[in-house]
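Participant: To start, I am sharing the structure in question, which I have written as structure tokens.
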Amino acid sequence: MSFASSRLLLAFSFIAFVLTLGAVAKTAVAEEMPFEPLAEATITVTGHGTLNAEPDIAVVNAGAVTEARTAREALDANTKIMADTFAALQAMGVEERDMQTSRLTVEPRYTYFDSSNGERRPPRIDGYTVSNQLTVRVRDLTIIGEALDALITAGVNQMGGLSFAVDEPDALFAEARQAAVADAMAQAEMLTEAAGVSLGRVISISQNQARQQPPQPQMARMAMAMESADAIPVATGEQELRTTVSITWAIDNGSN
């Protein structure tokens with residue numbers, strides 16, 4: 001046998017050895033790796049819980065805007081309005097802790113010149129505007145109409161909004177969560193029964209953010225027992241407390 005033939009035979013033998021060694025190693029690794037079972041079948045359902053309740057607190061956003069030639073004059077006029085407002089609310093039983101200044105601004109008022117003739121002149125300050133915004137919590141809803149009237153009488157000329165809420169909703173939200181869990185379980189049992197399987201163990205439970213919805217107009221109830229016949233009529237309505245709960249169960253398909 002020639003030298004070239006010997007080298008060729010040796011190369012083929014080495015390649016065969018490498019392939020054989022690779023196959024043996026692959027078999028050994030496969031034998032060592034544990035068998036991965038199929039992923040557990042699960043079902044996830046979101047339940048909803050809703051509860052309606054009468055609000056027991058009102059939040060009023062109001063303010064006064066005053067204008068004058070100087071900032072001092074505008075601020076003094078605004079200060080008088082807010083002082084009268086605080087006094088009127090306190091006389092009605094609104095506590096100091098329930099009145100909070102939410103925004104106070106002092107801004108110049110500009111006059112802009114007509115530049116159509118090509119003349120460029122900077123704007124001129126010809127006065128000042130002071131805005132004072134107030135947030136008031138009224139805990140006695142029977143006086144809410146009078147409180148709004150008192151704000152206007154004191155000189156408030158901006159009404160940013162009126163909203164109602166349940167002041168301590170924790171117990172009500174607990175009931176809504178129970179209703180949400182019951183709703184999720186009812187849905188899950190219906191779905192698994194239709195599919196011919198049954199619910200297994202609970203894997204996870206998560207709750208989405210609970211929140212209060214604005215009063216429903218169709219359920220509005222006029223605030224009564226107002227002492228003043230001229231008080232602003234206000235409908236308190238009902239507050240809707242809503243929460244959702246998502247639950248994941250294992251599915252027992254009877255195969256085990």
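As shown in the structure tokens, the chain order sets the letters A, B, ...; within each chain, residues go from 1, and ligands are also counted from 1 in the order they appear.
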Quick one: everything within 10 Å of stretch 95-98 of chain A, counting only C-alpha atoms, minus sequence neighbours fewer than 3 positions away in the same chain. Send it as a CSV table (one decimal) with C-alpha atoms, in the first residue's frame.
Facilitator:
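Everything below was put into selection_20.csv:
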```csv
chain,number,residue,atom,x,y,z
A,59,VAL,CA,-65.4,68.0,47.6
A,86,PHE,CA,-63.2,81.0,55.2
A,89,LEU,CA,-67.6,78.2,55.9
A,90,GLN,CA,-66.4,78.0,59.4
A,91,ALA,CA,-69.7,79.6,60.6
A,92,MET,CA,-71.5,76.7,58.9
A,135,THR,CA,-60.5,72.9,47.9
A,136,VAL,CA,-63.2,72.3,50.5
A,137,ARG,CA,-64.4,69.1,52.0
A,138,VAL,CA,-68.0,69.3,53.3
A,139,ARG,CA,-68.8,66.4,55.6
```
Participant: As a PDB file with N, CA, C and O atoms, in the first residue's frame, please: all residues of stretch 93-207 of chain A that backbone DSSP puts in alpha helix (DSSP H).
Facilitator:
```pdb
ATOM      1  N   ILE A 144     -74.636  71.270  51.864  1.00  0.00           N
ATOM      2  CA  ILE A 144     -73.810  71.493  50.679  1.00  0.00           C
ATOM      3  C   ILE A 144     -74.369  72.622  49.816  1.00  0.00           C
ATOM      4  O   ILE A 144     -73.632  73.451  49.272  1.00  0.00           O
ATOM      5  N   GLY A 145     -75.695  72.684  49.692  1.00  0.00           N
ATOM      6  CA  GLY A 145     -76.294  73.763  48.911  1.00  0.00           C
ATOM      7  C   GLY A 145     -76.013  75.123  49.527  1.00  0.00           C
ATOM      8  O   GLY A 145     -75.676  76.091  48.827  1.00  0.00           O
ATOM      9  N   GLU A 146     -76.111  75.194  50.850  1.00  0.00           N
ATOM     10  CA  GLU A 146     -75.812  76.444  51.535  1.00  0.00           C
ATOM     11  C   GLU A 146     -74.333  76.801  51.425  1.00  0.00           C
ATOM     12  O   GLU A 146     -73.966  77.981  51.310  1.00  0.00           O
ATOM     13  N   ALA A 147     -73.480  75.785  51.464  1.00  0.00           N
ATOM     14  CA  ALA A 147     -72.044  76.045  51.356  1.00  0.00           C
ATOM     15  C   ALA A 147     -71.699  76.638  49.992  1.00  0.00           C
ATOM     16  O   ALA A 147     -70.904  77.591  49.895  1.00  0.00           O
ATOM     17  N   LEU A 148     -72.304  76.125  48.947  1.00  0.00           N
ATOM     18  CA  LEU A 148     -72.062  76.677  47.606  1.00  0.00           C
ATOM     19  C   LEU A 148     -72.569  78.106  47.521  1.00  0.00           C
ATOM     20  O   LEU A 148     -71.918  78.982  46.931  1.00  0.00           O
ATOM     21  N   ASP A 149     -73.732  78.339  48.104  1.00  0.00           N
ATOM     22  CA  ASP A 149     -74.287  79.690  48.095  1.00  0.00           C
ATOM     23  C   ASP A 149     -73.394  80.655  48.879  1.00  0.00           C
ATOM     24  O   ASP A 149     -73.188  81.805  48.484  1.00  0.00           O
ATOM     25  N   ALA A 150     -72.830  80.162  50.006  1.00  0.00           N
ATOM     26  CA  ALA A 150     -71.954  81.005  50.815  1.00  0.00           C
ATOM     27  C   ALA A 150     -70.684  81.367  50.052  1.00  0.00           C
ATOM     28  O   ALA A 150     -70.164  82.492  50.179  1.00  0.00           O
ATOM     29  N   LEU A 151     -70.180  80.449  49.250  1.00  0.00           N
ATOM     30  CA  LEU A 151     -68.988  80.724  48.452  1.00  0.00           C
ATOM     31  C   LEU A 151     -69.248  81.864  47.467  1.00  0.00           C
ATOM     32  O   LEU A 151     -68.437  82.798  47.337  1.00  0.00           O
ATOM     33  N   ILE A 152     -70.369  81.789  46.789  1.00  0.00           N
ATOM     34  CA  ILE A 152     -70.705  82.825  45.815  1.00  0.00           C
ATOM     35  C   ILE A 152     -70.927  84.164  46.517  1.00  0.00           C
ATOM     36  O   ILE A 152     -70.467  85.219  46.055  1.00  0.00           O
ATOM     37  N   THR A 153     -71.626  84.131  47.643  1.00  0.00           N
ATOM     38  CA  THR A 153     -71.897  85.371  48.381  1.00  0.00           C
ATOM     39  C   THR A 153     -70.614  86.029  48.868  1.00  0.00           C
ATOM     40  O   THR A 153     -70.491  87.260  48.893  1.00  0.00           O
ATOM     41  N   ALA A 154     -69.628  85.218  49.249  1.00  0.00           N
ATOM     42  CA  ALA A 154     -68.365  85.756  49.746  1.00  0.00           C
ATOM     43  C   ALA A 154     -67.522  86.372  48.640  1.00  0.00           C
ATOM     44  O   ALA A 154     -66.566  87.105  48.932  1.00  0.00           O
ATOM     45  N   ASP A 170     -63.400  51.379  53.116  1.00  0.00           N
ATOM     46  CA  ASP A 170     -62.711  50.090  53.247  1.00  0.00           C
ATOM     47  C   ASP A 170     -63.672  48.925  53.440  1.00  0.00           C
ATOM     48  O   ASP A 170     -63.531  47.868  52.804  1.00  0.00           O
ATOM     49  N   ALA A 171     -64.649  49.083  54.340  1.00  0.00           N
ATOM     50  CA  ALA A 171     -65.588  47.988  54.591  1.00  0.00           C
ATOM     51  C   ALA A 171     -66.418  47.671  53.351  1.00  0.00           C
ATOM     52  O   ALA A 171     -66.708  46.503  53.054  1.00  0.00           O
ATOM     53  N   LEU A 172     -66.800  48.714  52.613  1.00  0.00           N
ATOM     54  CA  LEU A 172     -67.589  48.498  51.396  1.00  0.00           C
ATOM     55  C   LEU A 172     -66.752  47.825  50.313  1.00  0.00           C
ATOM     56  O   LEU A 172     -67.236  46.954  49.583  1.00  0.00           O
ATOM     57  N   PHE A 173     -65.483  48.225  50.192  1.00  0.00           N
ATOM     58  CA  PHE A 173     -64.612  47.581  49.209  1.00  0.00           C
ATOM     59  C   PHE A 173     -64.385  46.109  49.565  1.00  0.00           C
ATOM     60  O   PHE A 173     -64.222  45.269  48.672  1.00  0.00           O
ATOM     61  N   ALA A 174     -64.361  45.776  50.866  1.00  0.00           N
ATOM     62  CA  ALA A 174     -64.217  44.376  51.277  1.00  0.00           C
ATOM     63  C   ALA A 174     -65.402  43.551  50.772  1.00  0.00           C
ATOM     64  O   ALA A 174     -65.228  42.422  50.293  1.00  0.00           O
ATOM     65  N   GLU A 175     -66.608  44.112  50.865  1.00  0.00           N
ATOM     66  CA  GLU A 175     -67.787  43.420  50.329  1.00  0.00           C
ATOM     67  C   GLU A 175     -67.690  43.279  48.813  1.00  0.00           C
ATOM     68  O   GLU A 175     -68.053  42.232  48.250  1.00  0.00           O
ATOM     69  N   ALA A 176     -67.221  44.328  48.147  1.00  0.00           N
ATOM     70  CA  ALA A 176     -67.093  44.273  46.689  1.00  0.00           C
ATOM     71  C   ALA A 176     -66.073  43.215  46.275  1.00  0.00           C
ATOM     72  O   ALA A 176     -66.256  42.511  45.265  1.00  0.00           O
ATOM     73  N   ARG A 177     -64.985  43.063  47.046  1.00  0.00           N
ATOM     74  CA  ARG A 177     -63.985  42.033  46.729  1.00  0.00           C
ATOM     75  C   ARG A 177     -64.566  40.636  46.880  1.00  0.00           C
ATOM     76  O   ARG A 177     -64.295  39.751  46.056  1.00  0.00           O
ATOM     77  N   GLN A 178     -65.358  40.426  47.932  1.00  0.00           N
ATOM     78  CA  GLN A 178     -65.994  39.120  48.111  1.00  0.00           C
ATOM     79  C   GLN A 178     -66.913  38.803  46.936  1.00  0.00           C
ATOM     80  O   GLN A 178     -66.954  37.662  46.447  1.00  0.00           O
ATOM     81  N   ALA A 179     -67.645  39.813  46.484  1.00  0.00           N
ATOM     82  CA  ALA A 179     -68.526  39.615  45.323  1.00  0.00           C
ATOM     83  C   ALA A 179     -67.710  39.313  44.071  1.00  0.00           C
ATOM     84  O   ALA A 179     -68.116  38.496  43.229  1.00  0.00           O
ATOM     85  N   ALA A 180     -66.541  39.965  43.933  1.00  0.00           N
ATOM     86  CA  ALA A 180     -65.696  39.723  42.765  1.00  0.00           C
ATOM     87  C   ALA A 180     -65.139  38.301  42.769  1.00  0.00           C
ATOM     88  O   ALA A 180     -65.077  37.635  41.720  1.00  0.00           O
ATOM     89  N   VAL A 181     -64.731  37.806  43.945  1.00  0.00           N
ATOM     90  CA  VAL A 181     -64.227  36.432  44.045  1.00  0.00           C
ATOM     91  C   VAL A 181     -65.333  35.436  43.720  1.00  0.00           C
ATOM     92  O   VAL A 181     -65.127  34.458  42.983  1.00  0.00           O
ATOM     93  N   ALA A 182     -66.530  35.672  44.256  1.00  0.00           N
ATOM     94  CA  ALA A 182     -67.657  34.785  43.968  1.00  0.00           C
ATOM     95  C   ALA A 182     -67.980  34.783  42.473  1.00  0.00           C
ATOM     96  O   ALA A 182     -68.302  33.732  41.895  1.00  0.00           O
ATOM     97  N   ASP A 183     -67.898  35.950  41.846  1.00  0.00           N
ATOM     98  CA  ASP A 183     -68.163  36.040  40.411  1.00  0.00           C
ATOM     99  C   ASP A 183     -67.126  35.264  39.611  1.00  0.00           C
ATOM    100  O   ASP A 183     -67.459  34.547  38.663  1.00  0.00           O
ATOM    101  N   ALA A 184     -65.856  35.382  40.004  1.00  0.00           N
ATOM    102  CA  ALA A 184     -64.795  34.650  39.306  1.00  0.00           C
ATOM    103  C   ALA A 184     -64.979  33.141  39.449  1.00  0.00           C
ATOM    104  O   ALA A 184     -64.823  32.383  38.482  1.00  0.00           O
ATOM    105  N   MET A 185     -65.329  32.676  40.646  1.00  0.00           N
ATOM    106  CA  MET A 185     -65.526  31.242  40.865  1.00  0.00           C
ATOM    107  C   MET A 185     -66.711  30.719  40.064  1.00  0.00           C
ATOM    108  O   MET A 185     -66.646  29.624  39.484  1.00  0.00           O
ATOM    109  N   ALA A 186     -67.786  31.505  40.018  1.00  0.00           N
ATOM    110  CA  ALA A 186     -68.962  31.076  39.253  1.00  0.00           C
ATOM    111  C   ALA A 186     -68.632  30.948  37.767  1.00  0.00           C
ATOM    112  O   ALA A 186     -69.040  29.985  37.099  1.00  0.00           O
ATOM    113  N   GLN A 187     -67.887  31.907  37.242  1.00  0.00           N
ATOM    114  CA  GLN A 187     -67.493  31.846  35.835  1.00  0.00           C
ATOM    115  C   GLN A 187     -66.591  30.643  35.560  1.00  0.00           C
ATOM    116  O   GLN A 187     -66.764  29.930  34.556  1.00  0.00           O
ATOM    117  N   ALA A 188     -65.617  30.428  36.443  1.00  0.00           N
ATOM    118  CA  ALA A 188     -64.686  29.319  36.240  1.00  0.00           C
ATOM    119  C   ALA A 188     -65.397  27.978  36.293  1.00  0.00           C
ATOM    120  O   ALA A 188     -65.122  27.070  35.481  1.00  0.00           O
ATOM    121  N   GLU A 189     -66.325  27.796  37.242  1.00  0.00           N
ATOM    122  CA  GLU A 189     -67.070  26.536  37.335  1.00  0.00           C
ATOM    123  C   GLU A 189     -67.940  26.308  36.109  1.00  0.00           C
ATOM    124  O   GLU A 189     -68.054  25.185  35.614  1.00  0.00           O
ATOM    125  N   MET A 190     -68.547  27.382  35.599  1.00  0.00           N
ATOM    126  CA  MET A 190     -69.372  27.243  34.398  1.00  0.00           C
ATOM    127  C   MET A 190     -68.523  26.828  33.196  1.00  0.00           C
ATOM    128  O   MET A 190     -68.899  25.931  32.426  1.00  0.00           O
ATOM    129  N   LEU A 191     -67.358  27.447  33.028  1.00  0.00           N
ATOM    130  CA  LEU A 191     -66.504  27.156  31.882  1.00  0.00           C
ATOM    131  C   LEU A 191     -65.937  25.733  31.942  1.00  0.00           C
ATOM    132  O   LEU A 191     -65.917  25.014  30.938  1.00  0.00           O
ATOM    133  N   THR A 192     -65.458  25.337  33.109  1.00  0.00           N
ATOM    134  CA  THR A 192     -64.877  23.996  33.209  1.00  0.00           C
ATOM    135  C   THR A 192     -65.944  22.911  33.086  1.00  0.00           C
ATOM    136  O   THR A 192     -65.692  21.850  32.510  1.00  0.00           O
ATOM    137  N   GLU A 193     -67.130  23.165  33.609  1.00  0.00           N
ATOM    138  CA  GLU A 193     -68.211  22.185  33.447  1.00  0.00           C
ATOM    139  C   GLU A 193     -68.579  22.027  31.982  1.00  0.00           C
ATOM    140  O   GLU A 193     -68.805  20.907  31.505  1.00  0.00           O
ATOM    141  N   ALA A 194     -68.628  23.130  31.254  1.00  0.00           N
ATOM    142  CA  ALA A 194     -68.927  23.054  29.821  1.00  0.00           C
ATOM    143  C   ALA A 194     -67.835  22.308  29.059  1.00  0.00           C
ATOM    144  O   ALA A 194     -68.109  21.648  28.049  1.00  0.00           O
ATOM    145  N   ALA A 195     -66.584  22.398  29.544  1.00  0.00           N
ATOM    146  CA  ALA A 195     -65.472  21.737  28.861  1.00  0.00           C
ATOM    147  C   ALA A 195     -65.275  20.292  29.321  1.00  0.00           C
ATOM    148  O   ALA A 195     -64.413  19.582  28.790  1.00  0.00           O
TER     149      ALA A 195
END
```
Participant: Would you work out the distance separating atom CA of A:Thr46 from atom CA of A:Gly196, expressed in Å to one decimal?
Facilitator: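 For atom CA of A:Thr46 relative to atom CA of A:Gly196, the distance reads 20.6 Å.
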Participant: DSSP on the backbone: which residues in stretch 26-235 of chain A end up as strand (DSSP E or B)? Give the answer as number ranges by chain.
Facilitator: A: 42-53, 57-68, 99-111, 124-138, 158-165, 198-207, 211-213, 222, 235
Participant: Any idea what the distance is between atom CA of A:Gly127 and atom CA of A:Leu75?
Facilitator: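 Answer for the atom CA of A:Gly127 to atom CA of A:Leu75 separation: 11.7 Å.
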Participant: For a test of reading the model, state the distance in Å between atom CA of A:Ala235 and atom CA of A:Gly93, rounded to one decimal.
Facilitator: 20.7 Å
Participant: Smallest atom-to-atom distance to A:Asn61: which of A:Asn117, A:Gln209, A:Ser163, A:Ser246, using only C-alpha atoms?
Facilitator: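 Checking each candidate against A:Asn61, we get A:Ser163 as the closest.
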